[in-house]
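Each remark here refers to the structure printed beneath this line.
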Amino acid sequence: MATRVIGKSVPRKEGREKVTGRAKYVDDLKFPGMIFGATVRSSVARGRILGIHFEPGIPWEEFTVVTAKDIPGKNCIALLIDDQPCLAAEFVNHPEEPVVLLAHPDKYLLEEARRSMRIEIEPLPAIFSMDDSLARKHVIWGTDNIFKSYQVNKGHVEHALREADLIVEGIYETGAQEQLYIEPQGMIAQANAEEGVTVWGSLQCPYYIHKALVVLFGLPKDRVRVVQAETGGGFGGKEEYPSMIAGHAALLAWKSGKPVKIIYDRAEDMVATTKRHPSRTTHRTAVTREGKLVAIDIDFTLDGGAYETLSPVVLSRGTIHAGGPYRCPNVRIRSRAVATNAPPHGAFRGFGAPQSVFALERHFDRVAEAVGLAPDEFRRRNFIQQGETIAVGQVIHEKVDMGRLMDRAFELSGYYERRKRFETENPGKMIRKGIGFASFFHGAGFTGSGEEHLASEVAAEATRDGRLRVMAASTEMGQGTNTIFSQIAGEALGIDQEQIEIVQPDTANVPNSGPTVASRTSMIVGKLVETAALEIRRKLVNGGYLSAEYNTAEFAEACGRYLDRIGPLTSFAKYEHPRDLFWDDERYEGHAYGAYAWAVYVAEVSVDMRTAEARLDDFVAVQEVGKVINPVLAAGQIEGGVAQGIGMALYENVVWQEGRMVNGQMTNYIMPTSMDVPPIRVFFEENPYERGPAGAKGIGELPLDGTAPAIANAIAHATGANITRVPITPEVLSELLAGVHV
Amino acid sequence: MSDLAEKIRVRCTLNGAAATLEAYPMARLLDVLRDEAGLTGVKEGCGEGECGACSVELDGEIVNSCLIPVLQAEGATIRTIEGVATGDQLHEVQQAFITYGGAQCGICTPGMVLAAVNLLKRKPHATLTEIREGLSGNLCRCTGYTKIFTAVMAACRDMDRTVEG
């Protein structure tokens, strides 16, 4: 069948509702008798709770008050392990840890009440840095403060380092980064012993919340229901934390007997919810005089905050991506996520990879310099080729041509000409220009055997009028799930994609297609959508209701006849792990990902040497992502990701004081505005992936990996400063410039 | 404080119709529009005038409704996102946002569309620089603004055609 909608920029399915303001987000929903909930939090980083005091002046008898004692099931937010309580009972382990919940019909009185509560805590010694955690200055988690550690071993690193012509070392750091979705987190819950628990909210992963509520309330699975409202951005920030808010709203609803709405204001959202893990990466790289990589030795540490949450998985992705798309016979990567008494760090687009890729791509510019090669020439001599193995031992079977991506990115950005010209023109100038790049890859889908364990499911149902209803738990949060699924299903069936209906994610109505994370929705779940749609077609064709060639009207007619004679026309698709993909969790090697997106990004900057401010002048993003399903949506993903990467590189600085974010406002935590983004020029190379729907690979997280190092390399080029950490705020850069002869 | 603790009646023109809003005088216009008038297209992103998600037109100017006490709306003409389309007929800016990918998650979109509509009213031939400046009070975390610029420039051309045609 000819391609009808794949590769076309069909408009966003829910676009009309969004541009008219009719789309309903959680805070837009009202229920009869609904009251409001608030969270009373710990004021200290670590301590023992001595008492909860209700100050006078508030009509406390009007309030619903919930503490840990009110939890019907297990007091935890079930995720990987159950170490994070839903409400602190005896000890608190980070600032802003939830201790008491309040609900009242009057929002304003509720806020006064929240401020009139005093939680008496006897402070205990706390840990605020990775170094103190590693040194076990105090043991605050488990027996050694380590949530998880990995070791990747390929070849013989120690031997290779001893024999090397040249060894280049470096230490790199990245700070915490706030997801800063513009819609703050929120949930509404209805809960009672008869009907169970239902929540509606802003969320990425309905079944994560479902699992957490089942454990928290000790209810059977069919008595818990999670419904996604329109979601105003997630970027990972609405992956795990919504389980906490859902639990809180549900506990208040359970006790009060009324629907309860909890909406965080921006300050609460910023100080209390997850952020990108701060990181430190140490590199030791051995190269020959010709610039061939001989050994890569990486030590990678993430600050996980006070509870484990998703840190082991974030660490895993960061570890696997730490060696990049390069060929090297000897690789050792040692990594760990450590505990500190800060709110748990969590999922943020890129999920550990932006941290380790920043270190690698910045470091490789320095290795090139040390060996006397241009940064691009050093990369070219070491780029992975088809049939070679990456750090974790995965043989890259897909067609990969990093050199070609680099050629195209350099041509589009005028890289060589500008690099030379800037070097000639910069000396003595107050505004200096630089151009830099990063070359990188990002694996799509869950790591290793993750997809096998998830065993995602998608269902589809054809209606009498020839519409196809697609049922999946994968959420739309702006990235385009509704539209992409419609295109995939429409293409598979050969009918107009307007005929495709994407059912609202609701655990009562949709099967578990897994979390909406890890650049997996188009590639993994999209494939299941395609399979389910094809199964509908097969049933109609094999049953003689439809000939091999048909149009949308004939399809509808056939559905009607099938429903009359046979009954419901449904299909079901379940993920089957390809038999040739193996992963060894013990040795941490094998097929880490089914497919990778490959990219070269080029950043051009101006640096004001007086103010140490850096600005982006141009940005070129070239990537190979399999078949592009919707060019406008795909480019939108890259442009938005690059903007977040610009924030990570230049502006977004979380200021910590004893485990608490002290700049939790949009006035002093700065994200890029329309004045701060350069032209972001996005280009795709297409190399269809045989296992992706219509050949598509994952794309969502990719742009976060390469943007910050490309910018850092450009600033280094402009100024000669050795950039080793992001964000590169003017304060950071001015210190570095002080050490450079200008 | 006692006079502030009594609800007042604020008469204004809201999306083209006369309206009376009952609220405490210092209540935020944002809350009154959402809770009393049911105009939930007005969004709260930060509550401190930084993000522009709550943008509305007040007497022809774009304001952050989270910073405006409802008292100030007495006698004013207010337009929210709900008043931008004419019946089923979308405004050129709204249509361009759909066509060119200017909306992703949609939470900044109502404010962004209003700000763009307001900008093009003042500057029918806005340049890219003017668009960047004109929208700098509205934050978007999804798009990197690129497709928003494209959409606004396209709307600019479409509106020209409408005038000429």
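Quick note on naming: the chains in the structure tokens go A, B, ... in the order shown, residues restart at 1 in each chain, and ligands are numbered from 1 in order of appearance.
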Closest atom pairs, residues of chain A within 6 Å of chain B, only C-alpha atoms, as JSON lines:
```
{"residue": "A:Pro11", "atom": "CA", "partner": "B:Thr99", "partner_atom": "CA", "distance": 5.7}
{"residue": "A:Gly15", "atom": "CA", "partner": "B:Ile98", "partner_atom": "CA", "distance": 5.5}
{"residue": "A:Lys18", "atom": "CA", "partner": "B:Gly106", "partner_atom": "CA", "distance": 5.1}
{"residue": "A:Val19", "atom": "CA", "partner": "B:Gln94", "partner_atom": "CA", "distance": 5.6}
{"residue": "A:Gly21", "atom": "CA", "partner": "B:Gly41", "partner_atom": "CA", "distance": 4.0}
{"residue": "A:Asp28", "atom": "CA", "partner": "B:Thr40", "partner_atom": "CA", "distance": 5.8}
{"residue": "A:Ile182", "atom": "CA", "partner": "B:Gly45", "partner_atom": "CA", "distance": 5.3}
{"residue": "A:Glu183", "atom": "CA", "partner": "B:Gly45", "partner_atom": "CA", "distance": 5.6}
{"residue": "A:Gly232", "atom": "CA", "partner": "B:Cys105", "partner_atom": "CA", "distance": 4.8}
{"residue": "A:Gly233", "atom": "CA", "partner": "B:Cys105", "partner_atom": "CA", "distance": 5.3}
{"residue": "A:Arg266", "atom": "CA", "partner": "B:Cys46", "partner_atom": "CA", "distance": 5.0}
{"residue": "A:Met477", "atom": "CA", "partner": "B:Cys105", "partner_atom": "CA", "distance": 5.3}
{"residue": "A:Gly478", "atom": "CA", "partner": "B:Cys105", "partner_atom": "CA", "distance": 3.4}
{"residue": "A:Gly636", "atom": "CA", "partner": "B:Thr143", "partner_atom": "CA", "distance": 5.7}
{"residue": "A:Glu639", "atom": "CA", "partner": "B:Gly144", "partner_atom": "CA", "distance": 5.2}
{"residue": "A:Gly640", "atom": "CA", "partner": "B:Gly144", "partner_atom": "CA", "distance": 4.1}
{"residue": "A:Ala643", "atom": "CA", "partner": "B:Gly144", "partner_atom": "CA", "distance": 4.9}
{"residue": "A:Thr673", "atom": "CA", "partner": "B:Ser136", "partner_atom": "CA", "distance": 5.8}
{"residue": "A:Ser674", "atom": "CA", "partner": "B:Ser136", "partner_atom": "CA", "distance": 5.1}
{"residue": "A:Met675", "atom": "CA", "partner": "B:Arg132", "partner_atom": "CA", "distance": 5.6}
```
- Any chance you could list, as a ChimeraX atom specification, the residues in region 26-238 of chain A that come up strand (DSSP E or B) when DSSP is run on the backbone? /A:35-41,47-54,64-66,91-92,98-104,117-123,146-154,166-174,177,186-192,196-201,224-228,230
Take the residues just selected and output them with C-alpha atoms as a JSON list (two decimals), in the first residue's frame.
```
[["chain", "number", "residue", "atom", "x", "y", "z"],
["A", 35, "ILE", "CA", -12.42, 20.42, 48.44],
["A", 36, "PHE", "CA", -8.73, 21.37, 48.26],
["A", 37, "GLY", "CA", -5.69, 19.64, 49.67],
["A", 38, "ALA", "CA", -2.30, 20.93, 50.83],
["A", 39, "THR", "CA", 0.94, 19.35, 51.98],
["A", 40, "VAL", "CA", 2.80, 20.26, 55.17],
["A", 41, "ARG", "CA", 6.48, 19.54, 54.74],
["A", 47, "GLY", "CA", 15.80, 14.49, 61.69],
["A", 48, "ARG", "CA", 13.40, 12.73, 64.02],
["A", 49, "ILE", "CA", 9.81, 13.94, 64.18],
["A", 50, "LEU", "CA", 8.99, 14.83, 67.78],
["A", 51, "GLY", "CA", 5.55, 16.33, 67.40],
["A", 52, "ILE", "CA", 2.96, 17.92, 65.16],
["A", 53, "HIS", "CA", 1.48, 21.14, 66.51],
["A", 54, "PHE", "CA", -1.64, 22.99, 65.44],
["A", 64, "THR", "CA", -9.40, 16.97, 57.22],
["A", 65, "VAL", "CA", -5.99, 16.11, 58.63],
["A", 66, "VAL", "CA", -4.02, 13.09, 57.41],
["A", 91, "PHE", "CA", 12.11, 10.39, 60.45],
["A", 92, "VAL", "CA", 12.51, 12.94, 57.70],
["A", 98, "PRO", "CA", 5.71, 15.51, 53.17],
["A", 99, "VAL", "CA", 4.60, 14.91, 56.77],
["A", 100, "VAL", "CA", 0.97, 16.04, 57.14],
["A", 101, "LEU", "CA", -1.88, 16.59, 54.67],
["A", 102, "LEU", "CA", -4.70, 19.08, 55.10],
["A", 103, "ALA", "CA", -7.96, 19.57, 53.21],
["A", 104, "HIS", "CA", -10.63, 22.27, 53.36],
["A", 117, "MET", "CA", 1.22, 24.05, 61.48],
["A", 118, "ARG", "CA", 4.50, 23.38, 63.17],
["A", 119, "ILE", "CA", 6.28, 20.10, 62.80],
["A", 120, "GLU", "CA", 8.78, 19.71, 65.60],
["A", 121, "ILE", "CA", 11.87, 17.91, 64.39],
["A", 122, "GLU", "CA", 15.06, 17.04, 66.22],
["A", 123, "PRO", "CA", 17.77, 17.54, 63.59],
["A", 146, "ILE", "CA", 25.05, 3.81, 47.59],
["A", 147, "PHE", "CA", 21.74, 3.26, 45.78],
["A", 148, "LYS", "CA", 23.31, 1.38, 42.92],
["A", 149, "SER", "CA", 26.62, 0.89, 41.19],
["A", 150, "TYR", "CA", 27.65, -0.56, 37.84],
["A", 151, "GLN", "CA", 30.86, -1.59, 36.22],
["A", 152, "VAL", "CA", 31.40, -1.97, 32.50],
["A", 153, "ASN", "CA", 34.55, -3.79, 31.43],
["A", 154, "LYS", "CA", 35.75, -4.22, 27.90],
["A", 166, "LEU", "CA", 49.33, 9.78, 25.84],
["A", 167, "ILE", "CA", 46.79, 9.94, 28.67],
["A", 168, "VAL", "CA", 44.39, 12.85, 29.04],
["A", 169, "GLU", "CA", 42.44, 13.34, 32.24],
["A", 170, "GLY", "CA", 39.54, 15.56, 33.15],
["A", 171, "ILE", "CA", 36.75, 16.05, 35.65],
["A", 172, "TYR", "CA", 33.33, 17.33, 34.58],
["A", 173, "GLU", "CA", 30.23, 18.34, 36.48],
["A", 174, "THR", "CA", 26.62, 19.06, 35.68],
["A", 177, "GLN", "CA", 18.01, 21.01, 36.35],
["A", 186, "GLY", "CA", -1.74, 18.38, 40.23],
["A", 187, "MET", "CA", -4.22, 15.61, 41.00],
["A", 188, "ILE", "CA", -7.86, 15.14, 41.91],
["A", 189, "ALA", "CA", -8.92, 12.06, 43.85],
["A", 190, "GLN", "CA", -12.17, 10.41, 44.79],
["A", 191, "ALA", "CA", -11.86, 7.55, 47.26],
["A", 192, "ASN", "CA", -13.95, 5.47, 49.60],
["A", 196, "GLY", "CA", -12.08, 2.24, 45.77],
["A", 197, "VAL", "CA", -9.76, 4.99, 44.56],
["A", 198, "THR", "CA", -9.90, 7.04, 41.37],
["A", 199, "VAL", "CA", -7.50, 9.82, 40.46],
["A", 200, "TRP", "CA", -7.41, 12.29, 37.56],
["A", 201, "GLY", "CA", -4.26, 14.22, 36.94],
["A", 224, "VAL", "CA", -7.93, 1.57, 41.65],
["A", 225, "ARG", "CA", -8.34, 3.73, 38.59],
["A", 226, "VAL", "CA", -6.02, 6.37, 37.13],
["A", 227, "VAL", "CA", -7.14, 8.80, 34.44],
["A", 228, "GLN", "CA", -4.88, 11.23, 32.62],
["A", 230, "GLU", "CA", -4.62, 16.92, 29.43]]
```
- Message: Report as a PyMOL selection string all protein, DNA and RNA residues lying within 10 Å of Asp144 (chain A), evaluated on only C-alpha atoms, omitting residues in the same chain fewer than 3 positions from it.
- Response: chain A and resi 133-136+138-141+147+338-339
For N, CA and C atoms, I'd like the residues from the last selection saved as a PDB file, in the first residue's frame.
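Generated file (again09.pdb):
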```pdb
ATOM      1  N   SER A 133      28.959  11.944  50.950  1.00  0.00           N
ATOM      2  CA  SER A 133      28.198  10.701  50.874  1.00  0.00           C
ATOM      3  C   SER A 133      29.130   9.519  50.610  1.00  0.00           C
ATOM      4  N   LEU A 134      30.041   9.706  49.629  1.00  0.00           N
ATOM      5  CA  LEU A 134      30.983   8.637  49.291  1.00  0.00           C
ATOM      6  C   LEU A 134      31.923   8.334  50.448  1.00  0.00           C
ATOM      7  N   ALA A 135      32.281   9.393  51.198  1.00  0.00           N
ATOM      8  CA  ALA A 135      33.181   9.204  52.338  1.00  0.00           C
ATOM      9  C   ALA A 135      32.438   8.631  53.547  1.00  0.00           C
ATOM     10  N   ARG A 136      31.151   8.470  53.404  1.00  0.00           N
ATOM     11  CA  ARG A 136      30.290   7.987  54.503  1.00  0.00           C
ATOM     12  C   ARG A 136      30.493   8.801  55.776  1.00  0.00           C
ATOM     13  N   HIS A 138      28.353  10.442  57.216  1.00  0.00           N
ATOM     14  CA  HIS A 138      27.253   9.826  57.971  1.00  0.00           C
ATOM     15  C   HIS A 138      26.607   8.831  57.029  1.00  0.00           C
ATOM     16  N   VAL A 139      26.120   7.741  57.578  1.00  0.00           N
ATOM     17  CA  VAL A 139      25.397   6.806  56.716  1.00  0.00           C
ATOM     18  C   VAL A 139      23.917   7.172  56.802  1.00  0.00           C
ATOM     19  N   ILE A 140      23.397   7.624  55.683  1.00  0.00           N
ATOM     20  CA  ILE A 140      22.012   8.111  55.666  1.00  0.00           C
ATOM     21  C   ILE A 140      21.083   7.209  54.873  1.00  0.00           C
ATOM     22  N   TRP A 141      21.654   6.257  54.155  1.00  0.00           N
ATOM     23  CA  TRP A 141      20.807   5.332  53.372  1.00  0.00           C
ATOM     24  C   TRP A 141      21.516   3.984  53.294  1.00  0.00           C
ATOM     25  N   PHE A 147      22.988   3.837  46.284  1.00  0.00           N
ATOM     26  CA  PHE A 147      21.744   3.256  45.781  1.00  0.00           C
ATOM     27  C   PHE A 147      22.022   2.117  44.810  1.00  0.00           C
ATOM     28  N   VAL A 338      24.541   8.025  44.576  1.00  0.00           N
ATOM     29  CA  VAL A 338      24.714   8.119  46.033  1.00  0.00           C
ATOM     30  C   VAL A 338      23.587   8.913  46.666  1.00  0.00           C
ATOM     31  N   ALA A 339      23.414   8.682  47.949  1.00  0.00           N
ATOM     32  CA  ALA A 339      22.358   9.366  48.697  1.00  0.00           C
ATOM     33  C   ALA A 339      22.866  10.668  49.291  1.00  0.00           C
TER      34      ALA A 339
END
```
- Query: In Å, with one decimal, what is the gap from CA of Ala556 (chain A) to CA of Gly526 (chain A)?
  - Reply: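 For CA of Ala556 (chain A) relative to CA of Gly526 (chain A), the distance reads 22.9 Å.
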- Step one, run DSSP on the backbone; step two, keep only residues of region 215-367 of chain A assigned to alpha helix (DSSP H); then write them as a PyMOL selection string. chain A and resi 215-217+241-256+266-272+311-321+353-367
Would you export the selected residues with C-alpha atoms as a PDB file, in the first residue's frame, please?
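Result file is result_22.pdb:
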```
ATOM      1  CA  VAL A 215       0.115  -0.715  47.574  1.00  0.00           C
ATOM      2  CA  LEU A 216      -0.701   2.476  49.500  1.00  0.00           C
ATOM      3  CA  PHE A 217      -4.339   1.492  50.019  1.00  0.00           C
ATOM      4  CA  TYR A 241       6.441  12.183  41.366  1.00  0.00           C
ATOM      5  CA  PRO A 242       2.731  12.176  40.408  1.00  0.00           C
ATOM      6  CA  SER A 243       2.393   8.903  42.360  1.00  0.00           C
ATOM      7  CA  MET A 244       3.161  10.930  45.486  1.00  0.00           C
ATOM      8  CA  ILE A 245       0.555  13.608  44.789  1.00  0.00           C
ATOM      9  CA  ALA A 246      -2.023  11.022  43.727  1.00  0.00           C
ATOM     10  CA  GLY A 247      -1.441   9.194  47.013  1.00  0.00           C
ATOM     11  CA  HIS A 248      -1.833  12.398  48.994  1.00  0.00           C
ATOM     12  CA  ALA A 249      -5.033  13.488  47.236  1.00  0.00           C
ATOM     13  CA  ALA A 250      -6.456   9.975  47.592  1.00  0.00           C
ATOM     14  CA  LEU A 251      -5.663   9.792  51.328  1.00  0.00           C
ATOM     15  CA  LEU A 252      -7.436  13.106  51.911  1.00  0.00           C
ATOM     16  CA  ALA A 253     -10.386  11.983  49.784  1.00  0.00           C
ATOM     17  CA  TRP A 254     -10.536   8.651  51.614  1.00  0.00           C
ATOM     18  CA  LYS A 255     -10.681  10.344  54.998  1.00  0.00           C
ATOM     19  CA  SER A 256     -12.952  13.292  54.087  1.00  0.00           C
ATOM     20  CA  ARG A 266       5.185  26.978  41.201  1.00  0.00           C
ATOM     21  CA  ALA A 267       7.310  27.413  44.316  1.00  0.00           C
ATOM     22  CA  GLU A 268       6.131  24.148  45.849  1.00  0.00           C
ATOM     23  CA  ASP A 269       6.593  22.352  42.544  1.00  0.00           C
ATOM     24  CA  MET A 270      10.146  23.612  42.191  1.00  0.00           C
ATOM     25  CA  VAL A 271      11.382  22.942  45.710  1.00  0.00           C
ATOM     26  CA  ALA A 272       9.598  19.661  46.386  1.00  0.00           C
ATOM     27  CA  SER A 311      18.248   6.550  40.394  1.00  0.00           C
ATOM     28  CA  PRO A 312      19.423   3.026  39.446  1.00  0.00           C
ATOM     29  CA  VAL A 313      17.773   3.342  36.034  1.00  0.00           C
ATOM     30  CA  VAL A 314      18.998   6.889  35.438  1.00  0.00           C
ATOM     31  CA  LEU A 315      22.485   5.715  36.383  1.00  0.00           C
ATOM     32  CA  SER A 316      22.181   2.807  33.978  1.00  0.00           C
ATOM     33  CA  ARG A 317      21.375   4.975  30.963  1.00  0.00           C
ATOM     34  CA  GLY A 318      24.064   7.455  31.926  1.00  0.00           C
ATOM     35  CA  THR A 319      26.592   4.644  32.252  1.00  0.00           C
ATOM     36  CA  ILE A 320      25.798   3.021  28.925  1.00  0.00           C
ATOM     37  CA  HIS A 321      25.921   6.341  27.065  1.00  0.00           C
ATOM     38  CA  ALA A 353      22.775  10.476  29.339  1.00  0.00           C
ATOM     39  CA  PRO A 354      22.975  14.295  29.098  1.00  0.00           C
ATOM     40  CA  GLN A 355      25.280  14.212  32.131  1.00  0.00           C
ATOM     41  CA  SER A 356      27.718  11.582  30.876  1.00  0.00           C
ATOM     42  CA  VAL A 357      27.591  12.773  27.255  1.00  0.00           C
ATOM     43  CA  PHE A 358      28.440  16.319  28.366  1.00  0.00           C
ATOM     44  CA  ALA A 359      31.556  14.977  30.069  1.00  0.00           C
ATOM     45  CA  LEU A 360      32.603  12.815  27.126  1.00  0.00           C
ATOM     46  CA  GLU A 361      32.104  15.374  24.380  1.00  0.00           C
ATOM     47  CA  ARG A 362      33.771  18.151  26.322  1.00  0.00           C
ATOM     48  CA  HIS A 363      36.633  15.835  27.233  1.00  0.00           C
ATOM     49  CA  PHE A 364      37.150  14.655  23.670  1.00  0.00           C
ATOM     50  CA  ASP A 365      37.741  18.227  22.518  1.00  0.00           C
ATOM     51  CA  ARG A 366      40.520  18.333  25.096  1.00  0.00           C
ATOM     52  CA  VAL A 367      41.928  14.965  24.065  1.00  0.00           C
TER      53      VAL A 367
END
```
- Item | Long-range neighbours of Gly57 (chain A) as number ranges by chain, 10 Å cut-off, only C-alpha atoms, 6 positions minimum in chain | A: 112-113, 116
- Message: Give me the residues near region 26-32 of chain B as a list in words, where near means some atom within 8 Å (using only C-alpha atoms) and where sequence neighbours in that chain fewer than 4 positions away do not count.
- Response: Leu4, Leu21, Glu36, Ala37, Val42, Lys43, Glu44, Cys54, Ser65, Cys66, Leu67, Ile68, Pro69, Val70, Leu71 and Ala73 of chain B
- Task: Mind checking which residues fall within 8 Å of Glu239 (chain A), counting only C-alpha atoms, ignoring those fewer than 2 positions away in the same chain, and posting them as number ranges by chain?
- Result: A: 203-205, 234, 236-237, 241-242, 347, 515-517
- Task: Excluding Asn551 (chain A) and residues on its chain fewer than 6 positions from it, collect all residues at most 9 Å away from it, counting only C-alpha atoms, and give them as a ChimeraX atom specification.
- Result: /A:494-496
- Taking into account only C-alpha atoms, which residue in the set A:Gly7, A:Gly659, A:Pro505, A:Pro511 is nearest to Pro206 (chain A)?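 Closest to Pro206 (chain A), using only C-alpha atoms: A:Pro505.
Proximity ranking of A:Arg22, A:Lys539, A:Arg46, A:His345 relative to Thr309 (chain A) places A:His345 first, based on only C-alpha atoms.
When CA of Ala45 (chain A) is paired with CA of Asn668 (chain A), their separation reads 22.4 Å.
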